[in-house]
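Shown below: entry.cif, with mmCIF, C-alpha atoms and all ligand atoms.
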```cif
data_work
loop_
_atom_site.label_atom_id
_atom_site.label_comp_id
_atom_site.auth_asym_id
_atom_site.auth_seq_id
_atom_site.Cartn_x
_atom_site.Cartn_y
_atom_site.Cartn_z
CA MET A 285 8.04 -32.19 5.05
CA ALA A 286 10.78 -29.60 4.74
CA ARG A 287 12.08 -29.13 1.23
CA GLU A 288 15.26 -27.69 -0.20
CA HIS A 289 14.98 -25.23 -3.05
CA VAL A 290 17.86 -24.33 -5.35
CA LEU A 291 18.63 -20.96 -6.86
CA ASP A 292 21.56 -20.96 -9.24
CA VAL A 293 22.49 -17.35 -9.93
CA ARG A 294 25.98 -17.97 -11.25
CA GLY A 295 26.84 -15.50 -13.98
CA GLU A 296 24.55 -12.82 -12.51
CA ASP A 297 25.65 -9.62 -10.82
CA CYS A 298 24.06 -8.22 -7.70
CA PRO A 299 21.62 -6.82 -6.76
CA GLY A 300 19.57 -9.09 -9.08
CA PRO A 301 20.41 -12.31 -7.19
CA LEU A 302 19.71 -10.62 -3.85
CA VAL A 303 16.23 -9.66 -4.99
CA LYS A 304 15.61 -13.22 -6.24
CA VAL A 305 16.77 -14.70 -2.94
CA VAL A 306 14.56 -12.41 -0.90
CA ARG A 307 11.50 -13.09 -3.07
CA LYS A 308 12.10 -16.82 -2.85
CA ILE A 309 12.46 -16.74 0.94
CA ALA A 310 9.29 -14.71 1.27
CA ARG A 311 7.30 -17.30 -0.67
CA MET A 312 8.65 -20.55 0.73
CA PRO A 313 7.09 -22.19 3.80
CA VAL A 314 8.73 -22.06 7.20
CA GLY A 315 11.15 -24.93 7.69
CA ASP A 316 12.26 -25.07 4.04
CA ARG A 317 15.81 -24.38 3.01
CA LEU A 318 17.21 -22.47 0.09
CA ARG A 319 20.52 -23.37 -1.57
CA VAL A 320 22.02 -20.44 -3.49
CA LEU A 321 24.92 -20.76 -5.92
CA THR A 322 26.81 -17.62 -6.88
CA ASP A 323 30.17 -16.85 -8.41
CA VAL A 324 30.27 -13.20 -7.33
CA GLU A 325 31.91 -12.54 -3.99
CA GLU A 326 30.13 -9.22 -3.56
CA CYS A 327 26.82 -11.11 -3.82
CA VAL A 328 27.90 -13.43 -1.02
CA ARG A 329 28.54 -10.46 1.25
CA LEU A 330 25.30 -8.75 0.30
CA ILE A 331 23.09 -11.82 0.61
CA ARG A 332 24.67 -12.82 3.91
CA GLU A 333 24.21 -9.33 5.35
CA THR A 334 20.60 -9.18 4.22
CA VAL A 335 19.63 -12.65 5.41
CA GLU A 336 21.21 -12.00 8.80
CA ALA A 337 19.40 -8.68 9.02
CA ILE A 338 16.07 -10.48 8.74
CA ASP A 339 17.17 -12.96 11.42
CA LEU A 340 17.48 -16.09 9.33
CA ARG A 341 20.30 -18.65 9.49
CA ILE A 342 22.80 -18.79 6.66
CA ASP A 343 25.80 -21.03 6.03
CA VAL A 344 28.33 -20.02 3.39
CA ASN A 345 30.69 -22.47 1.80
CA ASP A 346 33.44 -21.60 -0.67
CA THR A 347 33.62 -24.56 -3.03
CA GLY A 348 37.09 -23.56 -4.20
CA GLU A 349 35.90 -23.92 -7.77
CA GLY A 350 35.14 -20.30 -8.38
CA TYR A 351 31.71 -20.22 -6.77
CA TRP A 352 30.03 -20.23 -3.37
CA VAL A 353 27.14 -22.23 -2.00
CA MET A 354 24.93 -20.60 0.60
CA VAL A 355 22.28 -22.47 2.52
CA ILE A 356 19.55 -20.35 4.05
CA GLU A 357 17.11 -21.83 6.50
CA LYS A 358 13.72 -20.25 7.00
CA ASN A 359 13.95 -21.27 10.61
CA LEU A 360 11.67 -18.66 12.14
CA ALA A 361 8.12 -19.50 13.00
CA LYS A 362 7.40 -15.83 12.51
CA PRO A 363 9.91 -14.54 10.02
CA ARG A 364 10.11 -10.82 9.68
CA LEU A 365 9.30 -11.14 6.01
CA PRO A 366 5.57 -10.72 5.51
CA PRO A 367 3.94 -12.22 2.42
CA ARG A 368 4.15 -10.18 -0.73
CA ARG A 369 1.36 -7.68 -0.96
CA LYS A 370 -1.04 -7.98 -3.82
CA SER A 371 -1.50 -4.72 -5.65
CA MET B 262 10.88 -3.97 9.47
CA LEU B 263 12.16 -5.05 6.09
CA THR B 264 9.86 -6.40 3.44
CA PRO B 265 10.85 -8.12 0.19
CA GLU B 266 9.46 -5.06 -1.60
CA ALA B 267 11.77 -2.84 0.39
CA ILE B 268 14.76 -4.96 -0.52
CA GLU B 269 13.78 -4.91 -4.17
CA ARG B 270 12.98 -1.19 -4.12
CA PHE B 271 16.25 -0.25 -2.47
CA SER B 272 18.43 -2.86 -4.16
CA ARG B 273 20.58 -0.27 -5.96
CA GLN B 274 21.18 1.48 -2.67
CA LEU B 275 21.83 -1.77 -0.79
CA ILE B 276 24.81 -2.57 -2.96
CA VAL B 277 26.51 0.62 -1.87
CA ARG B 278 28.93 -0.72 0.69
CA GLU B 279 28.49 2.12 3.20
CA ILE B 280 24.72 1.64 3.21
CA GLY B 281 23.93 -2.05 2.79
CA VAL B 282 20.97 -3.67 4.44
CA ARG B 283 22.01 -2.43 7.87
CA GLY B 284 21.93 1.10 6.58
CA LEU B 285 18.51 0.53 5.11
CA VAL B 286 17.23 -0.74 8.45
CA LYS B 287 18.65 2.38 10.10
CA LEU B 288 16.94 4.64 7.57
CA ARG B 289 13.65 2.76 7.97
CA ASN B 290 13.85 3.32 11.71
CA SER B 291 14.72 6.99 11.35
CA ARG B 292 12.37 9.86 12.11
CA VAL B 293 12.86 13.23 10.46
CA ALA B 294 10.90 16.48 10.73
CA ILE B 295 11.06 18.98 7.89
CA ILE B 296 10.09 22.49 8.89
CA GLY B 297 8.77 24.32 5.86
CA CYS B 298 7.79 22.49 2.71
CA GLY B 299 8.47 25.05 0.01
CA ALA B 300 11.25 24.89 -2.55
CA THR B 301 13.95 23.64 -0.20
CA GLY B 302 11.78 21.56 2.12
CA SER B 303 10.00 19.72 -0.67
CA ALA B 304 13.33 18.88 -2.36
CA GLU B 305 14.59 17.52 0.96
CA ALA B 306 11.34 15.63 1.49
CA GLU B 307 11.50 13.93 -1.87
CA LEU B 308 15.12 12.86 -1.44
CA LEU B 309 14.56 11.59 2.10
CA ALA B 310 11.45 9.70 1.05
CA ARG B 311 13.05 8.03 -1.93
CA MET B 312 16.06 7.16 0.21
CA GLY B 313 13.85 5.16 2.56
CA VAL B 314 13.50 7.25 5.73
CA GLY B 315 10.72 5.56 7.71
CA PHE B 316 8.99 8.54 9.30
CA ILE B 317 8.71 12.03 7.84
CA ARG B 318 6.82 14.91 9.41
CA VAL B 319 6.24 17.79 7.01
CA ILE B 320 5.25 21.05 8.62
CA ASP B 321 4.12 24.04 6.62
CA LYS B 322 1.68 26.87 7.18
CA ASP B 323 1.08 27.81 3.58
CA PHE B 324 -0.91 26.55 0.61
CA VAL B 325 0.33 25.73 -2.89
CA ASP B 326 0.37 28.77 -5.15
CA LEU B 327 0.94 28.81 -8.89
CA SER B 328 4.07 30.92 -8.41
CA ASN B 329 5.65 28.17 -6.28
CA LEU B 330 5.59 25.55 -9.02
CA PRO B 331 8.83 26.49 -10.82
CA ARG B 332 10.80 25.72 -7.67
CA VAL B 333 9.02 23.08 -5.64
CA HIS B 334 9.10 19.31 -5.75
CA LEU B 335 6.09 17.05 -5.11
CA MET B 336 3.49 19.72 -6.02
CA TYR B 337 1.40 20.21 -9.15
CA THR B 338 -0.91 22.72 -10.83
CA GLU B 339 -4.02 20.95 -9.52
CA ASP B 340 -2.79 21.55 -5.96
CA ALA B 341 -2.60 25.27 -6.64
CA GLU B 342 -6.12 25.25 -8.09
CA LYS B 343 -7.41 23.66 -4.89
CA ALA B 344 -5.22 25.82 -2.65
CA LEU B 345 -4.04 22.57 -1.07
CA PRO B 346 -1.77 23.07 1.94
CA LYS B 347 1.84 22.36 0.99
CA ALA B 348 2.22 19.93 3.88
CA VAL B 349 -0.78 17.91 2.70
CA ALA B 350 0.36 17.89 -0.94
CA CYS B 351 3.86 16.77 0.05
CA ALA B 352 2.52 14.08 2.36
CA GLU B 353 0.23 12.66 -0.34
CA ARG B 354 3.08 12.47 -2.85
CA ILE B 355 5.45 10.90 -0.33
CA LYS B 356 2.83 8.21 0.30
CA ALA B 357 2.51 7.72 -3.44
CA ILE B 358 6.27 7.31 -3.75
CA ASP B 359 6.47 4.79 -0.93
CA PRO B 360 3.35 3.63 0.95
CA ASP B 361 5.52 2.12 3.70
CA ILE B 362 6.67 5.54 4.86
CA GLU B 363 4.79 6.98 7.80
CA VAL B 364 4.06 10.61 6.95
CA ASP B 365 2.70 13.19 9.33
CA PRO B 366 1.55 16.39 7.60
CA VAL B 367 1.16 19.35 9.93
CA VAL B 368 -0.55 22.45 8.59
CA ALA B 369 0.51 25.04 11.12
CA ARG B 370 2.70 27.99 11.77
CA VAL B 371 5.73 26.87 13.74
CA GLY B 372 6.18 28.92 16.87
CA PRO B 373 7.42 28.76 20.43
CA HIS B 374 4.06 27.26 21.40
CA ASN B 375 4.40 24.09 19.31
CA ILE B 376 7.97 23.55 18.19
CA LEU B 377 9.08 21.34 21.07
CA ASP B 378 6.14 19.00 20.39
CA LEU B 379 6.79 18.99 16.66
CA VAL B 380 10.43 17.99 16.96
CA GLY B 381 10.48 16.18 20.29
CA ASP B 382 10.03 12.69 18.81
CA VAL B 383 12.34 12.88 15.78
CA ASP B 384 16.01 12.03 15.31
CA LEU B 385 16.81 14.91 12.98
CA ILE B 386 15.29 18.27 12.05
CA MET B 387 15.66 19.65 8.53
CA ASP B 388 15.33 23.33 7.72
CA GLY B 389 12.94 23.96 4.86
CA THR B 390 11.92 27.46 5.86
CA ASP B 391 12.94 30.76 4.31
CA ASN B 392 12.54 32.70 7.50
CA MET B 393 15.45 33.57 9.81
CA ASP B 394 13.27 33.91 12.90
CA VAL B 395 11.99 30.38 12.41
CA ARG B 396 15.56 29.16 11.98
CA TYR B 397 16.59 30.75 15.27
CA LEU B 398 13.59 29.13 16.86
CA ILE B 399 14.55 25.72 15.43
CA ASN B 400 18.08 26.34 16.68
CA ASP B 401 16.84 27.12 20.21
CA ALA B 402 14.63 24.02 20.25
CA ALA B 403 17.32 21.73 18.85
CA VAL B 404 20.01 23.01 21.23
CA LYS B 405 17.64 22.74 24.18
CA LEU B 406 16.68 19.17 23.27
CA GLY B 407 20.22 18.20 22.21
CA LYS B 408 18.96 17.17 18.80
CA PRO B 409 20.78 17.60 15.48
CA TRP B 410 19.33 19.93 12.89
CA ILE B 411 20.44 21.01 9.47
CA PHE B 412 20.35 24.68 8.56
CA VAL B 413 19.61 25.14 4.87
CA GLY B 414 19.28 28.43 3.04
CA ALA B 415 19.15 29.19 -0.66
CA GLU B 416 18.86 32.55 -2.42
CA THR B 417 19.56 33.56 -6.01
CA TRP B 418 22.46 31.31 -7.14
CA TYR B 419 23.77 30.49 -3.69
CA GLY B 420 23.09 28.10 -0.85
CA ASN B 421 24.33 27.47 2.69
CA VAL B 422 24.16 24.28 4.72
CA LEU B 423 25.30 23.54 8.26
CA LEU B 424 24.71 20.43 10.33
CA VAL B 425 24.25 21.63 13.89
CA GLU B 426 25.25 19.03 16.43
CA PRO B 427 24.46 20.66 19.78
CA GLY B 428 27.32 20.44 22.24
CA LYS B 429 29.76 19.13 19.64
CA GLY B 430 29.94 21.82 17.00
CA PRO B 431 28.78 25.36 16.34
CA CYS B 432 25.11 26.26 16.33
CA LEU B 433 23.42 28.81 14.10
CA ARG B 434 23.78 31.59 16.66
CA CYS B 435 27.49 30.90 17.07
CA PHE B 436 28.12 32.45 13.69
CA MET B 437 24.97 34.46 13.09
CA PRO B 438 24.75 35.94 16.56
CA ARG B 439 22.65 38.99 15.84
CA PRO B 440 19.32 38.02 14.39
CA ALA B 441 17.68 40.64 12.25
CA VAL B 442 14.58 40.66 14.41
CA GLU B 443 12.86 43.71 12.99
CA ARG B 444 13.21 42.89 9.34
CA ARG B 445 9.57 43.44 8.56
CA ASP B 446 9.84 46.77 6.76
CA VAL B 447 13.10 45.90 5.04
CA CYS B 448 11.51 43.41 2.78
CA ASP B 449 13.77 42.85 -0.16
CA ILE B 450 12.93 39.38 -1.32
CA LEU B 451 15.48 37.84 -3.65
CA GLY B 452 14.71 35.42 -6.40
CA VAL B 453 16.12 31.94 -6.46
CA VAL B 454 17.30 29.57 -9.17
CA ASN B 455 15.72 26.17 -8.83
CA THR B 456 18.94 24.26 -9.42
CA ALA B 457 20.63 26.23 -6.63
CA VAL B 458 17.81 25.07 -4.34
CA THR B 459 18.13 21.46 -5.45
CA MET B 460 21.93 21.46 -5.16
CA THR B 461 21.69 22.95 -1.68
CA ALA B 462 19.01 20.47 -0.64
CA SER B 463 21.17 17.63 -1.98
CA VAL B 464 24.10 18.73 0.15
CA ALA B 465 21.81 18.94 3.17
CA VAL B 466 20.25 15.52 2.61
CA THR B 467 23.69 13.98 2.04
CA LEU B 468 24.69 15.25 5.47
CA ALA B 469 21.40 13.89 6.81
CA LEU B 470 22.21 10.51 5.27
CA HIS B 471 25.65 10.44 6.89
CA ARG B 472 24.10 11.35 10.21
CA LEU B 473 21.24 8.84 10.04
CA LEU B 474 23.57 6.02 8.99
CA GLY B 475 25.78 6.75 11.98
CA MET B 476 28.71 7.67 9.76
CA GLU B 477 30.98 10.56 10.57
CA ALA B 478 28.88 13.59 9.67
CA ASP B 479 30.62 16.93 9.24
CA HIS B 480 29.33 19.39 11.83
CA ASP B 481 32.25 21.79 11.72
CA HIS B 482 31.79 23.33 8.30
CA LEU B 483 29.34 25.60 6.61
CA TYR B 484 28.85 24.27 3.10
CA VAL B 485 28.53 26.94 0.46
CA VAL B 486 26.87 26.14 -2.85
CA ASP B 487 27.60 28.47 -5.74
CA ALA B 488 25.47 27.60 -8.74
CA LEU B 489 26.73 30.60 -10.71
CA ARG B 490 30.37 29.50 -10.75
CA LEU B 491 29.29 25.91 -10.15
CA GLU B 492 31.36 25.36 -7.03
CA LEU B 493 30.90 23.68 -3.70
CA ASP B 494 33.00 25.08 -0.88
CA LYS B 495 33.17 24.66 2.84
CA VAL B 496 34.15 27.08 5.54
CA ARG B 497 35.29 26.05 8.99
CA ILE B 498 33.00 27.42 11.72
CA LYS B 499 34.00 27.55 15.37
CA ARG B 500 31.82 27.44 18.43
CA ASN B 501 31.33 30.78 20.09
CA GLU B 502 31.94 30.75 23.85
CA GLY B 503 29.51 33.63 24.24
CA CYS B 504 26.75 32.06 22.14
CA PRO B 505 23.43 32.80 23.86
CA ALA B 506 21.95 29.47 22.75
CA CYS B 507 24.57 26.72 22.94
CA SER B 508 26.93 28.25 25.52
CA LEU B 509 24.70 30.32 27.78
CA HIS B 510 21.54 28.25 27.26
CA ARG B 511 19.34 31.30 26.90
CA TYR B 512 16.57 30.41 24.51
CA GLU B 513 15.21 33.82 23.58
CA PHE B 514 13.24 32.58 20.62
CA LEU B 515 11.53 29.81 22.57
CA GLU B 516 10.42 32.32 25.17
CA ARG B 517 8.67 34.65 22.76
CA ARG B 518 4.91 34.91 22.84
CA VAL B 519 2.63 34.35 19.90
CA GLU B 520 0.15 37.17 19.48
CA ALA B 521 -2.96 37.54 17.41
CA ARG B 522 -1.84 39.72 14.60
CA SER B 523 -1.75 40.45 10.94
CA ALA B 524 1.60 40.70 9.24
CA ARG B 525 2.69 41.44 5.73
CA ILE B 526 4.40 38.44 4.17
CA CYS B 527 7.82 39.39 2.96
CA GLY B 528 8.10 39.88 -0.78
CA THR B 529 4.43 39.31 -1.54
CA ASN B 530 1.26 41.31 -1.74
CA ALA B 531 -0.23 39.27 1.05
CA VAL B 532 -0.92 39.55 4.75
CA GLU B 533 -0.91 36.61 7.11
CA ILE B 534 -3.50 36.57 9.88
CA THR B 535 -2.87 34.76 13.15
CA PRO B 536 -6.15 34.28 15.06
CA PRO B 537 -6.66 35.20 18.71
CA GLN B 538 -6.55 31.51 19.59
CA PRO B 539 -6.01 28.31 17.60
CA MET B 540 -9.28 26.95 16.20
CA ARG B 541 -10.53 23.74 14.76
CA LEU B 542 -12.80 24.77 11.92
CA ASP B 543 -15.12 22.66 9.81
CA LEU B 544 -14.44 24.49 6.57
CA PRO B 545 -17.04 22.80 4.31
CA ALA B 546 -19.72 23.62 6.92
CA LEU B 547 -18.49 27.18 7.20
CA ALA B 548 -18.52 27.52 3.40
CA LYS B 549 -22.27 26.88 3.35
CA ARG B 550 -22.88 29.92 5.49
CA LEU B 551 -20.81 32.25 3.33
CA ASP B 552 -21.92 34.25 0.33
CA SER B 553 -21.70 31.55 -2.32
CA ALA B 554 -20.81 34.02 -5.05
CA ARG B 555 -17.59 34.70 -3.21
CA LEU B 556 -16.58 31.10 -2.64
CA VAL B 557 -13.69 30.01 -4.88
CA SER B 558 -12.86 26.59 -3.49
CA VAL B 559 -13.24 24.56 -0.33
CA THR B 560 -11.63 21.37 0.94
CA GLU B 561 -11.28 20.02 4.46
CA HIS B 562 -7.92 21.85 4.60
CA THR B 563 -8.55 25.28 3.09
CA LEU B 564 -11.33 27.64 2.16
CA LYS B 565 -10.74 30.26 -0.52
CA ILE B 566 -12.90 33.34 -0.83
CA ALA B 567 -12.75 36.16 -3.37
CA ILE B 568 -12.76 39.57 -1.74
CA SER B 569 -12.55 41.60 -4.94
CA ASP B 570 -11.28 41.13 -8.48
CA THR B 571 -7.74 41.36 -7.25
CA ALA B 572 -7.90 40.14 -3.66
CA SER B 573 -8.68 36.82 -2.03
CA LEU B 574 -8.56 35.15 1.35
CA VAL B 575 -7.48 31.60 2.12
CA LEU B 576 -8.57 30.28 5.49
CA PHE B 577 -6.95 27.28 7.18
CA ARG B 578 -8.55 24.87 9.63
CA ASP B 579 -6.62 26.34 12.54
CA GLY B 580 -8.14 29.77 11.91
CA ARG B 581 -5.09 31.28 10.24
CA ALA B 582 -5.66 33.09 6.99
CA ILE B 583 -3.69 34.58 4.17
CA VAL B 584 -5.19 37.64 2.56
CA ASP B 585 -3.73 38.02 -0.89
CA GLY B 586 -3.84 41.21 -2.93
CA ILE B 587 -3.94 43.47 0.12
CA THR B 588 -0.84 44.92 1.70
CA ASP B 589 -2.33 46.98 4.52
CA GLU B 590 -2.21 44.91 7.69
CA ASP B 591 -5.13 46.66 9.40
CA GLU B 592 -7.33 46.39 6.35
CA ALA B 593 -6.55 42.68 6.06
CA TRP B 594 -7.44 42.20 9.71
CA ARG B 595 -10.77 44.05 9.24
CA ILE B 596 -11.63 41.82 6.29
CA TYR B 597 -10.80 38.74 8.32
CA GLU B 598 -12.93 39.95 11.23
CA ASP B 599 -15.78 40.81 8.92
CA ILE B 600 -15.90 37.66 6.86
CA ILE B 601 -14.55 35.01 9.21
CA LEU B 602 -14.51 36.00 12.88
CA SER B 603 -18.03 37.40 12.85
CA ARG B 604 -19.40 34.10 11.55
CA ILE B 605 -17.61 31.77 13.88
CA ARG B 606 -17.82 33.72 17.09
CA GLY B 607 -19.01 31.55 19.94
CA GLU B 608 -18.41 28.36 18.02
CA VAL B 609 -14.77 27.70 18.66
ZN ZN A 701 25.97 28.37 19.54
#
```

How does this structure look as structure tokens?
Ligand SMILES: [Zn+2]
Amino acid sequence: MAREHVLDVRGEDCPGPLVKVVRKIARMPVGDRLRVLTDVEECVRLIRETVEAIDLRIDVNDTGEGYWVMVIEKNLAKPRLPPRRKS
Amino acid sequence: MLTPEAIERFSRQLIVREIGVRGLVKLRNSRVAIIGCGATGSAEAELLARMGVGFIRVIDKDFVDLSNLPRVHLMYTEDAEKALPKAVACAERIKAIDPDIEVDPVVARVGPHNILDLVGDVDLIMDGTDNMDVRYLINDAAVKLGKPWIFVGAETWYGNVLLVEPGKGPCLRCFMPRPAVERRDVCDILGVVNTAVTMTASVAVTLALHRLLGMEADHDHLYVVDALRLELDKVRIKRNEGCPACSLHRYEFLERRVEARSARICGTNAVEITPPQPMRLDLPALAKRLDSARLVSVTEHTLKIAISDTASLVLFRDGRAIVDGITDEDEAWRIYEDIILSRIRGEV
């Protein structure tokens, strides 16, 4: 059953949130979705660019209340993000 | 291919608007060859590696010497003790910086016989040599292949950098048309200040970054670093309609022949020996057949033998050798024949 995870990074400046988003995507199972809340426009641009570069779907919605909600779907059977290496 | 580690590692670089994740992907897919891994080449190598370039080939014919350490990057005292080839030392440290980089160390003298192979599969060639003849050879190869290369030179307090974009801008021979071919007896080596090297390498790698990212990269100016007055200048260079390389397509340096020889290395008390033909030596095995009292060190890459209290010989796997402490070319060749050639005859 696909789940939706939430990452609220409001109040944080990039690249911290970007790193959190990428780590989260790498760990969650295929089919799950990640909802990201940010109030920094630069983070929206950066996260969108990065997620698109690894071929995942992203929807961005400006809530009009000073923050954005992004929904990222790990829609690839074989995402280009390999599991985190143990070392 | 982008991993979460890569995104974390390069996160400070990703937030630079002109780079971003697309830039990182470009750098990861980029292939660069660095010819010469001494002071300049190792500074370039470290910057390119930390920046995220995906493939780096480091080519150098020499081994790490104690006297290199004030100027080089990526090399340590232990490397000098083992007479580790500079290319191998640099490659190991690049891997330690970022295991995702593909590194190809090549311990060889660059010549007309191998340069096209060494640079044929890369996107950009970086100059890390201190030898004008090698630079003209790189220029010939790059112009012939239509590949960009970056000329980098540093001496005393000063440095020069030019991105050569064959067909679009000037090449090295456009503005240095008359190579000093017979410079062997005029051997006035100049010292160099390590910050001048690093500043010059930084300018060169910045141009490399522009080029690899697909940004507009300046190929019309010679950059001049002045570490004494602390200035960076640039001088407009024009293409030369009579340039033998990029206008007339005569590649004189590519057509030269490599001969077995011994040659004094500029500014040192050493002679470099080029063997009659390239070899593939098993150095640890060879070491067992040598006078053990003479053996200083042996690894799979180099074999060091003491010749006297003040002279030594370092042999490479490809049969090349550097005889240190002897300045007479014929004497160095006789020593090499005596100690090395006589023992491996008929085996290679
Ligand atoms: Zn030219």

Interatomic distance, CA of Ile320 in chain B to CA of Ile295 in chain B (Å, one decimal):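 Going from CA of Ile320 in chain B over to CA of Ile295 in chain B covers 6.2 Å.
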
Nearby residues (only C-alpha atoms) at most 9 Å from Gly300 in chain A, same-chain spacing under 4 positions excluded, as a list in words: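 With the cut-off at 9 Å, the set is Val293, Glu296, Lys304 and Val305 of chain A; Glu269 and Ser272 of chain B.
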
Take the residues that were just selected and, keeping C-alpha atoms, output them as a JSON list (two decimals), in the frame of the given file.
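This went into selection_1.json:
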```
[["chain", "number", "residue", "atom", "x", "y", "z"],
["A", 293, "VAL", "CA", 22.49, -17.35, -9.93],
["A", 296, "GLU", "CA", 24.55, -12.82, -12.51],
["A", 304, "LYS", "CA", 15.61, -13.22, -6.24],
["A", 305, "VAL", "CA", 16.77, -14.70, -2.94],
["B", 269, "GLU", "CA", 13.78, -4.91, -4.17],
["B", 272, "SER", "CA", 18.43, -2.86, -4.16]]
```

Spatial neighbours of Glu326 in chain A, 12 Å, only C-alpha atoms, chain gap at least 3 places, as a PyMOL selection string: (chain A and resi 296-302+322-323+329-333+351-352) or (chain B and resi 275-278+281)

Expected answer as a list in words: chain A residues within 6 Å of chain B, all atoms listed in the file: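 Using all atoms listed in the file, chain A residues at most 6 Å from chain B: Pro299, Val303, Val306, Arg307, Thr334 and Leu365 of chain A.
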
Sphere at (5.2, 7.3, 9.3), radius 8 Å, counting all atoms listed in the file: residues as a VMD selection string: chain B and resid 315 to 318 361 to 365

Keeping only C-alpha atoms, write those residues as a PDB file, in the frame of the given file.
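Below you can see part.pdb, which holds the result:
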```pdb
ATOM      1  CA  GLY B 315      10.720   5.560   7.710  1.00  0.00           C
ATOM      2  CA  PHE B 316       8.990   8.540   9.300  1.00  0.00           C
ATOM      3  CA  ILE B 317       8.710  12.030   7.840  1.00  0.00           C
ATOM      4  CA  ARG B 318       6.820  14.910   9.410  1.00  0.00           C
ATOM      5  CA  ASP B 361       5.520   2.120   3.700  1.00  0.00           C
ATOM      6  CA  ILE B 362       6.670   5.540   4.860  1.00  0.00           C
ATOM      7  CA  GLU B 363       4.790   6.980   7.800  1.00  0.00           C
ATOM      8  CA  VAL B 364       4.060  10.610   6.950  1.00  0.00           C
ATOM      9  CA  ASP B 365       2.700  13.190   9.330  1.00  0.00           C
TER      10      ASP B 365
END
```

Gap from CA of Arg287 in chain A to CA of Gly315 in chain A - Å, one decimal: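 Atom-to-atom, CA of Arg287 in chain A to CA of Gly315 in chain A, that is 7.8 Å.
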
Pairwise distance for CA of Arg289 in chain B and CA of Tyr337 in chain B, rounded to one decimal in Å: 27.3 Å

Determine, for each residue of chain B having at least one atom at most 7 Å from an atom of ligand ZN 701 (chain A), the closest pair of atoms and their separation in Å to one decimal, counting all atoms listed in the file; order by chain and ascending number, as CSV.
```
residue,atom,partner,partner_atom,distance
B:Pro431,CA,A:ZN701,ZN,5.2
B:Cys432,CA,A:ZN701,ZN,3.9
B:Leu433,CA,A:ZN701,ZN,6.0
B:Arg434,CA,A:ZN701,ZN,4.8
B:Cys435,CA,A:ZN701,ZN,3.8
B:Arg500,CA,A:ZN701,ZN,6.0
B:Asn501,CA,A:ZN701,ZN,5.9
B:Cys504,CA,A:ZN701,ZN,4.6
B:Pro505,CA,A:ZN701,ZN,6.7
B:Ala506,CA,A:ZN701,ZN,5.3
B:Cys507,CA,A:ZN701,ZN,4.0
B:Ser508,CA,A:ZN701,ZN,6.1
```

Which of B:Glu477, B:Glu353, B:Asp394, B:Asp543 sits closest to Ala310 in chain B [using all atoms listed in the file]: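 Smallest separation from Ala310 in chain B among the options: B:Glu353.
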
Selection near Gly414 in chain B, 9 Å with only C-alpha atoms, sequence-local residues under 2 positions removed, as a PyMOL selection string: chain B and resi 301+388-391+412+416+419-422+458+461-462

Which neighbours of Ile309 in chain A fall inside 10 Å, counting all atoms listed in the file, when residues of the same chain fewer than 4 positions from it are skipped, and could you give them as a short mmCIF file (atom, residue, chain, number, x, y, z; two decimals) with C-alpha atoms, in the frame of the given file?
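Saved the output as result25.cif:
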```cif
data_model
loop_
_atom_site.label_atom_id
_atom_site.label_comp_id
_atom_site.auth_asym_id
_atom_site.auth_seq_id
_atom_site.Cartn_x
_atom_site.Cartn_y
_atom_site.Cartn_z
CA HIS A 289 14.98 -25.23 -3.05
CA VAL A 303 16.23 -9.66 -4.99
CA LYS A 304 15.61 -13.22 -6.24
CA VAL A 305 16.77 -14.70 -2.94
CA PRO A 313 7.09 -22.19 3.80
CA VAL A 314 8.73 -22.06 7.20
CA ASP A 316 12.26 -25.07 4.04
CA ARG A 317 15.81 -24.38 3.01
CA LEU A 318 17.21 -22.47 0.09
CA VAL A 335 19.63 -12.65 5.41
CA LEU A 340 17.48 -16.09 9.33
CA ILE A 356 19.55 -20.35 4.05
CA GLU A 357 17.11 -21.83 6.50
CA LYS A 358 13.72 -20.25 7.00
CA PRO A 363 9.91 -14.54 10.02
CA LEU A 365 9.30 -11.14 6.01
CA PRO A 367 3.94 -12.22 2.42
CA PRO B 265 10.85 -8.12 0.19
#
```

From the coordinates supplied, range 320-324 of chain A should be written with N, CA, C and O atoms, as a PDB file, in the first residue's frame.
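Output (selection.pdb):
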```pdb
ATOM      1  N   VAL A 320       6.471  17.801   0.658  1.00  0.00           N
ATOM      2  CA  VAL A 320       7.496  18.682   1.240  1.00  0.00           C
ATOM      3  C   VAL A 320       6.931  20.090   1.400  1.00  0.00           C
ATOM      4  O   VAL A 320       6.357  20.638   0.461  1.00  0.00           O
ATOM      5  N   LEU A 321       7.068  20.630   2.592  1.00  0.00           N
ATOM      6  CA  LEU A 321       6.613  22.007   2.842  1.00  0.00           C
ATOM      7  C   LEU A 321       7.827  22.901   3.058  1.00  0.00           C
ATOM      8  O   LEU A 321       8.684  22.604   3.901  1.00  0.00           O
ATOM      9  N   THR A 322       7.909  23.958   2.250  1.00  0.00           N
ATOM     10  CA  THR A 322       9.025  24.899   2.421  1.00  0.00           C
ATOM     11  C   THR A 322       8.541  26.334   2.252  1.00  0.00           C
ATOM     12  O   THR A 322       7.591  26.578   1.500  1.00  0.00           O
ATOM     13  N   ASP A 323       9.210  27.247   2.950  1.00  0.00           N
ATOM     14  CA  ASP A 323       8.845  28.650   2.779  1.00  0.00           C
ATOM     15  C   ASP A 323       9.962  29.442   2.108  1.00  0.00           C
ATOM     16  O   ASP A 323       9.982  30.665   2.152  1.00  0.00           O
ATOM     17  N   VAL A 324      10.886  28.727   1.478  1.00  0.00           N
ATOM     18  CA  VAL A 324      11.997  29.396   0.780  1.00  0.00           C
ATOM     19  C   VAL A 324      11.885  29.112  -0.717  1.00  0.00           C
ATOM     20  O   VAL A 324      11.979  27.959  -1.145  1.00  0.00           O
TER      21      VAL A 324
END
```
